[in-house]
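Raw contents of coords-v8.csv, CSV, C-alpha atoms:
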```csv
chain,number,residue,atom,x,y,z
A,1,GLN,CA,-111.4,265.8,142.1
A,2,LYS,CA,-113.3,264.0,144.8
A,3,GLU,CA,-115.8,261.4,143.8
A,4,VAL,CA,-118.5,263.1,145.9
A,5,GLU,CA,-118.6,266.8,146.5
A,6,GLN,CA,-120.7,268.3,149.3
A,7,ASP,CA,-120.7,271.9,150.6
A,8,PRO,CA,-119.6,271.7,154.3
A,9,GLY,CA,-121.6,274.8,155.3
A,10,PRO,CA,-122.5,275.6,158.0
A,11,LEU,CA,-126.1,276.3,157.0
A,12,SER,CA,-128.2,278.2,159.5
A,13,VAL,CA,-132.0,278.5,159.1
A,14,PRO,CA,-134.9,279.5,161.3
A,15,GLU,CA,-137.3,276.9,162.7
A,16,GLY,CA,-139.9,276.0,160.2
A,17,ALA,CA,-137.8,276.7,157.1
A,18,ILE,CA,-137.4,274.3,154.2
A,19,VAL,CA,-133.8,273.1,154.0
A,20,SER,CA,-132.1,272.0,150.8
A,21,LEU,CA,-129.0,269.9,151.0
A,22,ASN,CA,-127.1,268.8,147.9
A,23,CYS,CA,-124.3,266.6,146.6
A,24,THR,CA,-122.7,266.1,143.2
A,25,TYR,CA,-120.7,263.1,142.1
A,26,SER,CA,-118.5,262.1,139.3
A,27,ASN,CA,-118.7,258.3,139.2
A,28,SER,CA,-121.5,257.2,136.9
A,29,ALA,CA,-121.4,253.7,138.3
A,30,PHE,CA,-123.1,254.8,141.5
A,31,GLN,CA,-126.6,253.3,141.7
A,32,TYR,CA,-127.4,253.5,145.4
A,33,PHE,CA,-127.8,256.9,147.1
A,34,MET,CA,-128.1,257.5,150.9
A,35,TRP,CA,-128.4,260.4,153.3
A,36,TYR,CA,-127.1,259.9,156.8
A,37,ARG,CA,-127.5,262.2,159.8
A,38,GLN,CA,-124.8,262.6,162.4
A,39,TYR,CA,-125.2,264.3,165.7
A,40,SER,CA,-122.2,265.6,167.5
A,41,ARG,CA,-120.0,262.9,169.0
A,42,LYS,CA,-122.3,260.2,167.6
A,43,GLY,CA,-122.1,257.7,164.7
A,44,PRO,CA,-124.1,258.4,161.4
A,45,GLU,CA,-127.6,257.1,161.2
A,46,LEU,CA,-129.4,256.3,157.9
A,47,LEU,CA,-132.2,258.8,157.0
A,48,MET,CA,-133.0,258.0,153.4
A,49,TYR,CA,-132.0,255.3,150.8
A,50,THR,CA,-132.9,255.4,147.1
A,51,TYR,CA,-131.9,253.3,144.2
A,52,SER,CA,-131.2,254.9,140.8
A,53,SER,CA,-133.0,258.1,139.8
A,54,GLY,CA,-136.2,259.5,141.3
A,55,ASN,CA,-137.8,260.8,144.4
A,56,LYS,CA,-138.5,259.3,147.8
A,57,GLU,CA,-140.5,260.8,150.6
A,58,ASP,CA,-140.5,259.9,154.3
A,59,GLY,CA,-142.4,262.3,156.6
A,60,ARG,CA,-140.7,265.7,156.5
A,61,PHE,CA,-137.8,264.3,154.4
A,62,THR,CA,-137.6,264.1,150.6
A,63,ALA,CA,-134.7,262.6,148.7
A,64,GLN,CA,-134.1,263.3,145.0
A,65,VAL,CA,-131.7,261.7,142.6
A,66,ASP,CA,-130.9,263.0,139.2
A,67,LYS,CA,-128.4,260.6,137.6
A,68,SER,CA,-128.3,262.5,134.3
A,69,SER,CA,-126.9,265.5,136.2
A,70,LYS,CA,-125.0,263.4,138.8
A,71,TYR,CA,-126.8,265.4,141.5
A,72,ILE,CA,-128.7,264.4,144.6
A,73,SER,CA,-130.7,266.4,147.1
A,74,LEU,CA,-132.3,266.1,150.5
A,75,PHE,CA,-135.2,268.4,151.5
A,76,ILE,CA,-136.3,268.9,155.0
A,77,ARG,CA,-139.7,270.5,155.5
A,78,ASP,CA,-140.8,272.4,158.7
A,79,SER,CA,-137.3,272.1,160.1
A,80,GLN,CA,-136.9,271.8,163.8
A,81,PRO,CA,-134.0,272.6,166.2
A,82,SER,CA,-133.7,268.8,166.7
A,83,ASP,CA,-132.7,268.6,163.0
A,84,SER,CA,-129.5,270.4,163.8
A,85,ALA,CA,-126.8,267.9,162.9
A,86,THR,CA,-124.3,267.1,160.1
A,87,TYR,CA,-125.9,265.6,157.0
A,88,LEU,CA,-123.8,263.2,155.0
A,89,CYS,CA,-124.6,262.1,151.5
A,90,ALA,CA,-123.3,258.6,150.6
A,91,MET,CA,-123.2,256.4,147.5
A,92,GLN,CA,-122.5,252.9,146.3
A,93,GLY,CA,-121.9,251.2,142.9
A,94,THR,CA,-123.6,248.0,141.8
A,95,GLY,CA,-121.8,245.1,143.4
A,96,GLY,CA,-119.7,247.5,145.4
A,97,PHE,CA,-118.6,246.8,149.0
A,98,LYS,CA,-117.7,250.3,150.0
A,99,THR,CA,-119.8,253.3,150.6
A,100,ILE,CA,-118.4,256.7,149.5
A,101,PHE,CA,-119.4,259.6,151.7
A,102,GLY,CA,-119.4,263.3,151.1
A,103,ALA,CA,-117.7,265.6,153.6
A,104,GLY,CA,-121.1,266.5,155.3
A,105,THR,CA,-123.0,269.7,155.7
A,106,ARG,CA,-123.5,271.1,159.1
A,107,LEU,CA,-127.0,272.4,159.7
A,108,PHE,CA,-128.2,274.6,162.5
A,109,VAL,CA,-131.9,275.2,163.0
A,110,LYS,CA,-132.6,278.2,165.2
A,111,ALA,CA,-135.6,278.2,167.5
B,1,GLU,CA,-132.0,243.9,169.3
B,2,THR,CA,-128.5,245.0,170.3
B,3,GLY,CA,-126.9,247.8,168.3
B,4,VAL,CA,-123.3,248.2,167.2
B,5,THR,CA,-121.0,248.8,170.1
B,6,GLN,CA,-117.4,250.0,170.0
B,7,SER,CA,-114.7,250.2,172.6
B,8,PRO,CA,-112.9,252.2,173.8
B,9,THR,CA,-114.8,255.4,173.2
B,10,HIS,CA,-111.7,257.6,173.6
B,11,LEU,CA,-108.0,257.0,173.8
B,12,ILE,CA,-104.8,258.8,173.5
B,13,LYS,CA,-101.6,257.3,172.1
B,14,THR,CA,-98.2,258.6,171.1
B,15,ARG,CA,-96.5,258.4,167.7
B,16,GLY,CA,-95.1,255.0,166.9
B,17,GLN,CA,-97.4,253.1,169.3
B,18,GLN,CA,-100.0,250.5,168.3
B,19,VAL,CA,-103.7,250.5,169.0
B,20,THR,CA,-106.5,248.0,168.8
B,21,LEU,CA,-110.2,249.1,168.5
B,22,ARG,CA,-113.1,246.7,169.0
B,23,CYS,CA,-116.5,246.4,167.6
B,24,SER,CA,-119.5,244.2,168.2
B,25,SER,CA,-121.9,244.0,165.3
B,26,GLN,CA,-125.6,244.4,165.4
B,27,SER,CA,-127.5,241.2,166.1
B,28,GLY,CA,-128.0,239.2,162.9
B,29,HIS,CA,-125.4,241.1,160.9
B,30,ASN,CA,-122.5,239.1,159.4
B,31,THR,CA,-120.6,242.0,157.8
B,32,VAL,CA,-118.5,244.6,159.5
B,33,SER,CA,-116.9,247.7,157.8
B,34,TRP,CA,-114.5,250.1,159.3
B,35,TYR,CA,-114.3,253.8,158.5
B,36,GLN,CA,-112.0,256.7,159.5
B,37,GLN,CA,-113.6,260.1,160.0
B,38,ALA,CA,-111.2,263.0,160.3
B,39,LEU,CA,-112.5,266.2,161.9
B,40,GLY,CA,-114.8,268.0,159.5
B,41,GLN,CA,-114.7,265.2,156.9
B,42,GLY,CA,-116.9,262.4,155.9
B,43,PRO,CA,-116.1,258.8,156.8
B,44,GLN,CA,-113.4,257.1,154.6
B,45,PHE,CA,-113.7,253.4,154.0
B,46,ILE,CA,-110.8,251.4,155.5
B,47,PHE,CA,-111.9,247.8,154.9
B,48,GLN,CA,-114.8,245.3,155.2
B,49,TYR,CA,-114.9,241.8,156.8
B,50,TYR,CA,-117.3,239.0,155.9
B,51,ARG,CA,-117.1,235.5,157.3
B,52,GLU,CA,-113.7,236.3,159.0
B,53,GLU,CA,-112.1,237.3,155.7
B,54,GLU,CA,-111.2,240.8,154.4
B,55,ASN,CA,-113.7,241.4,151.6
B,56,GLY,CA,-112.4,244.8,150.3
B,57,ARG,CA,-110.1,247.5,151.2
B,58,GLY,CA,-109.9,251.3,150.8
B,59,ASN,CA,-106.8,253.4,150.2
B,60,PHE,CA,-105.1,252.7,153.6
B,61,PRO,CA,-101.6,251.4,154.2
B,62,PRO,CA,-100.9,247.8,155.5
B,63,ARG,CA,-100.3,249.1,159.0
B,64,PHE,CA,-104.1,249.2,159.2
B,65,SER,CA,-105.2,245.6,159.7
B,66,GLY,CA,-108.3,243.9,161.0
B,67,LEU,CA,-109.9,240.7,162.2
B,68,GLN,CA,-113.3,239.3,162.3
B,69,PHE,CA,-114.3,236.6,164.8
B,70,PRO,CA,-116.8,233.7,164.4
B,71,ASN,CA,-119.4,235.8,166.4
B,72,TYR,CA,-119.0,238.5,163.7
B,73,SER,CA,-117.3,240.9,166.1
B,74,SER,CA,-114.2,242.7,164.7
B,75,GLU,CA,-111.0,244.4,165.6
B,76,LEU,CA,-109.1,247.2,163.9
B,77,ASN,CA,-105.4,247.4,164.5
B,78,VAL,CA,-103.2,250.3,163.6
B,79,ASN,CA,-99.4,250.0,164.0
B,80,ALA,CA,-96.7,252.7,164.0
B,81,LEU,CA,-99.2,255.4,164.7
B,82,GLU,CA,-98.8,258.8,163.0
B,83,LEU,CA,-100.2,262.1,163.9
B,84,ASP,CA,-102.6,262.0,160.9
B,85,ASP,CA,-104.2,258.9,162.3
B,86,SER,CA,-106.0,261.1,164.9
B,87,ALA,CA,-109.7,260.6,164.0
B,88,LEU,CA,-113.0,259.0,164.9
B,89,TYR,CA,-112.9,255.4,163.9
B,90,LEU,CA,-116.4,254.1,163.1
B,91,CYS,CA,-117.5,250.5,162.8
B,92,ALA,CA,-120.6,249.7,160.8
B,93,SER,CA,-122.4,246.4,160.5
B,94,SER,CA,-124.7,245.3,157.7
B,95,ALA,CA,-126.7,242.2,156.8
B,96,GLY,CA,-124.7,241.5,153.6
B,97,THR,CA,-121.6,242.5,151.7
B,98,LYS,CA,-123.2,244.4,148.9
B,99,ASN,CA,-125.7,247.1,148.2
B,100,THR,CA,-127.7,246.9,151.3
B,101,GLY,CA,-127.6,250.7,151.4
B,102,GLU,CA,-128.0,250.6,155.1
B,103,LEU,CA,-125.0,250.6,157.4
B,104,PHE,CA,-125.6,250.6,161.1
B,105,PHE,CA,-122.9,252.6,162.8
B,106,GLY,CA,-121.5,252.5,166.3
B,107,GLU,CA,-120.7,255.7,168.1
B,108,GLY,CA,-117.0,255.4,167.3
B,109,SER,CA,-113.7,255.3,169.0
B,110,ARG,CA,-112.0,258.7,169.1
B,111,LEU,CA,-108.2,258.3,168.8
B,112,THR,CA,-105.8,261.1,169.5
B,113,VAL,CA,-102.2,260.6,168.5
B,114,LEU,CA,-99.7,263.0,170.2
```

So, in terms of structure tokens, how does the structure I just supplied come out?
Amino acid sequence: QKEVEQDPGPLSVPEGAIVSLNCTYSNSAFQYFMWYRQYSRKGPELLMYTYSSGNKEDGRFTAQVDKSSKYISLFIRDSQPSDSATYLCAMQGTGGFKTIFGAGTRLFVKA
Amino acid sequence: ETGVTQSPTHLIKTRGQQVTLRCSSQSGHNTVSWYQQALGQGPQFIFQYYREEENGRGNFPPRFSGLQFPNYSSELNVNALELDDSALYLCASSAGTKNTGELFFGEGSRLTVL
């Protein structure tokens, strides 16, 4: 079993839709939870960063962490064609030096 | 502020050869981590360098080695290349070794092994 599970998709939605992306994990030591966006042929860029459980909102993006269920989500409101990319969830434990990534979900937003 | 830069962007090697990939960290960042991203997969941690020393290593064999220089730039060396080494190699810099949450990635070096 992988430490982090993420559905690779692809996920195709119409412009303006609400998108829900999710990851599950098995390591209860994870305390830091991130979402990265990766455009084709580019390096990942950080979208959201949360510590422990709870919600965090930034513009059209909302990240949720439920440590009791070992489940994290990223919601994208009013999705745009420019949101078409691969979304990677990522996690770190306390004192850890490495970040564990999910496999990434490919998202296509159709105009 | 200068971002993370990697070179070369693309390269093709044959099995058994050796390769060196280079990375310049973002200004002010003293820590460099290297990741391997196979097609359709998430990045896999190779190792991290801090103050010119290896600070941690993932599940990669010893033929993957690295260096960090006093200016915090870094190299990734892979010896005895295998077909499965074909991947995007990503360098990420950060302002510390732990729990910054934020890694700043370069655009990667795409290695093809024939």

Q: Check the smallest atom-to-atom distance from each of B:Gln26, B:Thr9, B:Cys91, B:Pro62 to B:Asn79 using only C-alpha atoms, then report the winner.
A: B:Pro62

Please build the interface table for chain B against chain A with a cut-off of 10 Å, listing for each qualifying residue the nearest atom pair and the distance in Å to one decimal; count all atoms listed in the file, order rows by chain and increasing number, and write it as a Markdown table.
```
| residue | atom | partner | partner_atom | distance |
| --- | --- | --- | --- | --- |
| B:Val4 | CA | A:Gly43 | CA | 9.9 |
| B:Ser33 | CA | A:Lys98 | CA | 8.3 |
| B:Trp34 | CA | A:Lys98 | CA | 9.8 |
| B:Tyr35 | CA | A:Thr99 | CA | 9.6 |
| B:Gln37 | CA | A:Ala103 | CA | 9.4 |
| B:Ala38 | CA | A:Ala103 | CA | 9.7 |
| B:Leu39 | CA | A:Ala103 | CA | 9.8 |
| B:Gly40 | CA | A:Ala103 | CA | 7.0 |
| B:Gln41 | CA | A:Ala103 | CA | 4.5 |
| B:Gly42 | CA | A:Ala103 | CA | 4.0 |
| B:Pro43 | CA | A:Phe101 | CA | 6.1 |
| B:Gln44 | CA | A:Phe101 | CA | 7.1 |
| B:Phe45 | CA | A:Lys98 | CA | 6.5 |
| B:Ile46 | CA | A:Lys98 | CA | 8.9 |
| B:Phe47 | CA | A:Lys98 | CA | 8.0 |
| B:Gln48 | CA | A:Phe97 | CA | 7.4 |
| B:Tyr49 | CA | A:Phe97 | CA | 10.0 |
| B:Asn55 | CA | A:Phe97 | CA | 7.7 |
| B:Gly56 | CA | A:Phe97 | CA | 6.6 |
| B:Arg57 | CA | A:Lys98 | CA | 8.2 |
| B:Gly58 | CA | A:Lys98 | CA | 7.9 |
| B:Leu88 | CA | A:Arg41 | CA | 9.0 |
| B:Tyr89 | CA | A:Gly43 | CA | 9.5 |
| B:Leu90 | CA | A:Gly43 | CA | 6.9 |
| B:Cys91 | CA | A:Gly43 | CA | 8.8 |
| B:Ala92 | CA | A:Gly43 | CA | 9.0 |
| B:Gly96 | CA | A:Phe97 | CA | 9.3 |
| B:Thr97 | CA | A:Phe97 | CA | 5.9 |
| B:Lys98 | CA | A:Phe97 | CA | 5.2 |
| B:Asn99 | CA | A:Gly95 | CA | 6.5 |
| B:Thr100 | CA | A:Tyr32 | CA | 8.9 |
| B:Gly101 | CA | A:Tyr49 | CA | 6.4 |
| B:Glu102 | CA | A:Leu46 | CA | 6.5 |
| B:Leu103 | CA | A:Leu46 | CA | 7.2 |
| B:Phe104 | CA | A:Glu45 | CA | 6.8 |
| B:Phe105 | CA | A:Gly43 | CA | 5.5 |
| B:Gly106 | CA | A:Gly43 | CA | 5.5 |
| B:Glu107 | CA | A:Gly43 | CA | 4.2 |
| B:Gly108 | CA | A:Gly43 | CA | 6.2 |
| B:Ser109 | CA | A:Gly43 | CA | 9.7 |
| B:Arg110 | CA | A:Arg41 | CA | 9.0 |
```

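Excluding A:Ser12 itself and any same-chain residue fewer than 3 positions from it, the protein and nucleic acid residues within 12 Å of it, counting only C-alpha atoms, are Pro8, Gly9, Glu15, Gly16, Ala17, Ile18, Val19, Ser20, Leu21, Ser79, Gln80, Pro81, Asp83, Ser84, Ala85, Thr86, Thr105, Arg106, Leu107, Phe108, Val109, Lys110 and Ala111 of chain A.
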
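Here atom CA of B:Asn71 is placed at a distance of 15.4 Å from atom CA of B:Glu54.
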
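In this comparison, which uses all atoms listed in the file, the residue of A:Tyr71, A:Tyr25, A:Phe61, A:Phe30 approaching A:Glu3 most closely is A:Tyr25.
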
Q) Out of A:Ser40, A:Asn22, A:Gln1, A:Asn27, which residue has the shortest atom-to-atom distance to A:Gln64 when counting all atoms listed in the file? A) A:Asn22

Q: Skip A:Thr62 itself and residues of its chain fewer than 3 positions away, then list as a PyMOL selection string all residues within 10 Å of it, counting all atoms listed in the file.
A: chain A and resi 20+47-48+55-59+73-77

Residues at most 8 Å from B:Arg22, counting all atoms listed in the file, excluding those fewer than 2 positions away in the same chain, as an mmCIF file with C-alpha atoms, keeping the file's coordinate frame?
```
data_model
loop_
_atom_site.group_PDB
_atom_site.id
_atom_site.type_symbol
_atom_site.label_atom_id
_atom_site.label_comp_id
_atom_site.auth_asym_id
_atom_site.auth_seq_id
_atom_site.Cartn_x
_atom_site.Cartn_y
_atom_site.Cartn_z
ATOM 1 C CA GLN B 6 -117.400 250.000 170.000
ATOM 2 C CA SER B 7 -114.700 250.200 172.600
ATOM 3 C CA PRO B 8 -112.900 252.200 173.800
ATOM 4 C CA THR B 20 -106.500 248.000 168.800
ATOM 5 C CA SER B 24 -119.500 244.200 168.200
ATOM 6 C CA SER B 73 -117.300 240.900 166.100
ATOM 7 C CA SER B 74 -114.200 242.700 164.700
ATOM 8 C CA GLU B 75 -111.000 244.400 165.600
ATOM 9 C CA LEU B 76 -109.100 247.200 163.900
#
```

Q: Work out how far apart atom CA of B:Pro61 and atom CA of B:Thr31 are and give it in Å to one decimal.
A: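 Going from atom CA of B:Pro61 over to atom CA of B:Thr31 covers 21.5 Å.
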
(Q) If we count only C-alpha atoms and set the cut-off at 12 Å, which residues sit around B:Glu82, ignoring sequence neighbours fewer than 2 positions away in its own chain? Please answer as a ChimeraX atom specification. (A) /B:13-19,61,63-64,78-80,84-87,111-114

Q.
Using Å and a single decimal, report how far atom CA of A:Lys2 sits from atom CA of A:Gly54.
A.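 Atom-to-atom, atom CA of A:Gly54 to atom CA of A:Lys2, that is 23.6 Å.
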
Q: Have a look at A:Arg37, A:Ala29, A:Pro14, A:Glu5 and name the one nearest to A:Ser52; count all atoms listed in the file.
A: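 Smallest separation from A:Ser52 among the options: A:Ala29.
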
Q) Between A:Ile72, A:Arg60, A:Leu11, A:Lys67, which is the closest to A:Thr24 once you count only C-alpha atoms? A)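 That would be A:Ile72, the residue with the smallest distance to A:Thr24.
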